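K.L.:
Quick one: the structure is below, questions incoming.
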Amino acid sequence: MTNKVMGTFGGALIITGTSIGAGMLALPVVTSPAGFLPSIAVLIACWAFMTITGLLFAELSIWLKQEVNILSMARKTLGAPGAAITWILYLFLFYCLTVAYLVGGAGFLTDFTSFGLSDTARVGLVAFVLIALIANGRRIVDPINRVLMIGLIAAYVGFVLIGSPAVRLDLLQHGDWSKASFALPVAFTSFGFQGTVPTLASWMQYDAAKIRRSIVIGTTITLLIYIIWQWLFLGIVPPDGPHGLVATLEAGQDAVHPLYYFTNNQAIWTLGRAFAFFALATSTLGVGVGLVDFLADGLGIAKRGLSRMALLLILAFGVPLLFAATHPHVFLEALGLAGGFGCAILLGVLPIIMIWKAEKSCNCTISRSWIYSKPAYAALLLFVIFEISVEIFSLISRNI
């Protein structure tokens with residue numbers, strides 16, 4: 001990084017870019033039983049929760065300036081046991097996301113190839129391409145990711161512009177508040193950005209006001225993008241019927257699949273699939289690189305030499321590849337596990353415990369904002385406990 005200090009809007013865009021990804025493909029599906037207005041309430045609740053926990057990470061980053069990642073923060077505030085738990089949670093989250101994205105990517109081969117491939121072969125092909133890209137390092141990954149991000153933005157804008165006339169207001173009137181909470185795990189995943197906060201804080205030279213503004217602006221942009229996305233999908237695809245969003249949920253597919261049956265405009269379907277491809281590609285690439293880097297840092301393995309790199313790639317993709325190949329329809333379930341447990345505990349519970357411990361054990365200057373108060377911590381913990389309970393209940397009900 002150069003000596004130039006990152007600006008507020010630049011930081012906000014990084015937060016938005018980190019949050020938005022393949023989780024968007026699941027949001028309309030998991031919120032369809034509840035309907036449009038309940039889904040917006042869920043998104044606002046998760047936005048508020050994840051924004052506040054992001055601010056807690058920012059406060060920790062400002063206090064512990066020499067610490068540049070969540071793992072080292074946990075070690076500094078909670079000691080070796082806290083670091084070990086954080087390590088396990090990180091690995092669980094990365095593995096769940098990798099499984100989801102491998103399965104989602106394999107689904108594209110089904111849609112766009114005329115020759116027959118088994119589920120295992122499709123997942124393996126996606127994994128092979130991903131591993132080949134990561135093995136070649138940043139000189140390959142960075143330019144490809146930039147092209148994919150341009151495609152992602154263009155597809156989203158085009159989809160919104162062309163899809164808006166197809167929205168039916170009567171579909172948006174459907175609402176069942178009793179089913180709203182079941183979308184919380186995936187909504188949590190869709191607002192995951194906190195891992196970037198320590199790095200952004202250092203790039204902004206620990207300017208507290210600038211960091212906080214970046215977080216609030218970045219998460220708010222993300223929320224607005226999601227609301228428009230929900231409005232489009234829930235206004236075009238009905239919840240019920242053989243090709244409705246509820247049937248899509250039961251089949252474990254992403255939200256773009258049923259568009260084909262409910263619009264006469266081929267461009268809407270094409271742009272929807274294009275967005276789905278770019279969202280999955282950028283998410284898969286980002287999570288894959290992050291998983292390899294995390295294992296390299298955590299295990300102290302240098303990313304040099306064929307044998308070391310091969311070991312890292314086997315550790316990163318061996319378990320997710322095996323699970324994705326043997327469970328080819330777990331896209332939504334894997335995202336739910338990632339959000340219901342990984343994001344909820346790692347990005348929800350952990351920052352509350354760390355900041356509470358830091359306040360007790362060091363002479364830190366605490367902000368006077370209500371966010372950094374015991375009642376706020378208690379409210380946040382109650383919310384995340386509720387979300388985890390929802391995911392546990394969902395797992396039990398699916399296996400009965």
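Quick note on naming: the chains in the structure tokens go A, B, ... in the order shown, residues restart at 1 in each chain, and ligands are numbered from 1 in order of appearance.
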Can you tell me, as a VMD selection string, what residues are no more than 9 Å from A:Val216 when counting only C-alpha atoms, ignoring any on the same chain fewer than 3 positions away?
P.N.:
chain A and resid 12 51 to 52 54 to 55 211 to 213 219 to 221
K.L.:
Which residues, written as an NGL selection string, have at least one atom at most 6 Å from A:Tyr206, with only C-alpha atoms counted and residues fewer than 3 positions away on the same chain left out?
P.N.:
:A and (62 or 201-202)
K.L.:
Find the spatial neighbours of A:Met354, counting only C-alpha atoms, within a cut-off of 7 Å - ignore same-chain residues fewer than 2 positions away - and output them as an MDAnalysis selection string.
P.N.:
chainID A and resid 74 77:78 350:352 356:358
K.L.:
Counting only C-alpha atoms, give me one row per residue of stretch 300-360 of chain A with an atom at most 9 Å from an atom of stretch 245-252 of chain A, showing the shortest contact pair and its distance in Å to one decimal, sorted by chain then residue number, as JSON lines.
P.N.:
```
{"residue": "A:His329", "atom": "CA", "partner": "A:Gly252", "partner_atom": "CA", "distance": 5.7}
{"residue": "A:Val330", "atom": "CA", "partner": "A:Gly252", "partner_atom": "CA", "distance": 6.3}
{"residue": "A:Phe331", "atom": "CA", "partner": "A:Gly252", "partner_atom": "CA", "distance": 6.1}
{"residue": "A:Leu332", "atom": "CA", "partner": "A:Gly252", "partner_atom": "CA", "distance": 5.6}
{"residue": "A:Glu333", "atom": "CA", "partner": "A:Gly252", "partner_atom": "CA", "distance": 7.6}
```
K.L.:
Counting only C-alpha atoms, what is within 8 Å of A:Ala26, bar same-chain residues fewer than 6 positions away, as a PyMOL selection string?
P.N.:
chain A and resi 186+253-255+332
K.L.:
Any idea what's packed within 12 Å of A:Tyr156, counting only C-alpha atoms, ignoring anything in its chain fewer than 6 positions away? Could you give it as a list in words?
P.N.:
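Non-adjacent residues within range: Ile20, Gly21, Met24, Leu25, Met149, Ile150, Ile162, Gly163, Ser164, Ile225, Tyr226, Ile228, Trp229, Leu232, Ile268, Thr270, Leu271, Gly272, Arg273, Ala274, Phe275, Ala276, Phe277, Phe278 and Ala279 of chain A.
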K.L.:
Pick the closest to A:Leu291 from A:Tyr95, A:Leu133, A:Ser307, A:Phe128: which is it, counting only C-alpha atoms?
P.N.:
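Going through A:Tyr95, A:Leu133, A:Ser307, A:Phe128 one by one, the smallest distance to A:Leu291 is for A:Tyr95.
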K.L.:
Got a sec: who's within 8 Å of A:Met50, counting only C-alpha atoms, leaving out chain neighbours fewer than 6 positions off, as a list in words?
P.N.:
Phe188, Phe191, Gly192, Leu347 and Gly348 of chain A
K.L.:
Name the residues in contact with A:Ala166 at a cut-off of 12 Å, using only C-alpha atoms, excluding same-chain residues fewer than 5 positions from it; report them as a ChimeraX atom specification.
P.N.:
/A:159-161,171,231-237,259,262-269
K.L.:
Please dump the current selection as a CSV table (one decimal), in the first residue's frame; keep C-alpha atoms.
P.N.:
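In the end it all went to selection35.csv:
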```csv
chain,number,residue,atom,x,y,z
A,159,PHE,CA,-31.0,-6.2,-15.0
A,160,VAL,CA,-32.5,-3.4,-12.9
A,161,LEU,CA,-33.2,-1.2,-15.9
A,171,LEU,CA,-46.8,-10.0,-5.9
A,231,TRP,CA,-38.2,-5.6,-5.2
A,232,LEU,CA,-37.3,-7.0,-8.6
A,233,PHE,CA,-37.3,-10.7,-7.9
A,234,LEU,CA,-40.2,-10.8,-5.5
A,235,GLY,CA,-42.2,-8.6,-7.9
A,236,ILE,CA,-41.4,-10.8,-10.9
A,237,VAL,CA,-41.5,-14.4,-9.6
A,259,LEU,CA,-37.0,-16.1,-14.1
A,262,PHE,CA,-42.2,-15.7,-15.6
A,263,THR,CA,-40.9,-13.2,-18.1
A,264,ASN,CA,-41.3,-12.9,-21.9
A,265,ASN,CA,-38.1,-10.8,-22.1
A,266,GLN,CA,-35.1,-12.9,-22.9
A,267,ALA,CA,-32.8,-10.1,-22.0
A,268,ILE,CA,-34.0,-10.2,-18.3
A,269,TRP,CA,-33.2,-13.9,-18.1
```
K.L.:
Which residue gives the smallest distance to A:Ala324 among A:Thr98, A:Ile15, A:Leu91, A:Ile396, with only C-alpha atoms counted?
P.N.:
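Comparing A:Thr98, A:Ile15, A:Leu91, A:Ile396 against A:Ala324, the winner is A:Thr98.
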K.L.:
For atom CA of A:Thr86 and atom CA of A:Leu71, quote the distance in Å rounded to one decimal.
P.N.:
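Separation between atom CA of A:Thr86 and atom CA of A:Leu71: 6.2 Å.
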K.L.:
Rank A:Ala325, A:Ile385, A:Ile227, A:Ile85 by their smallest atom-to-atom distance to A:Ala121, using only C-alpha atoms, and report the top residue only.
P.N.:
A:Ala325
K.L.:
With only C-alpha atoms as the atoms that count, which of A:Met204, A:Ala135, A:Val42, A:Val147 lies nearest to A:Leu311?
P.N.:
A:Ala135
K.L.:
Closest to A:Phe393 among A:Phe323, A:Trp87, A:Glu59, A:Ser181, using only C-alpha atoms?
P.N.:
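The answer is A:Ser181, which sits nearest to A:Phe393.
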K.L.:
Which is closer to A:Leu56 than all the others in A:Ser373, A:Gln230, A:Ser389, A:Thr189, using only C-alpha atoms?
P.N.:
A:Ser373
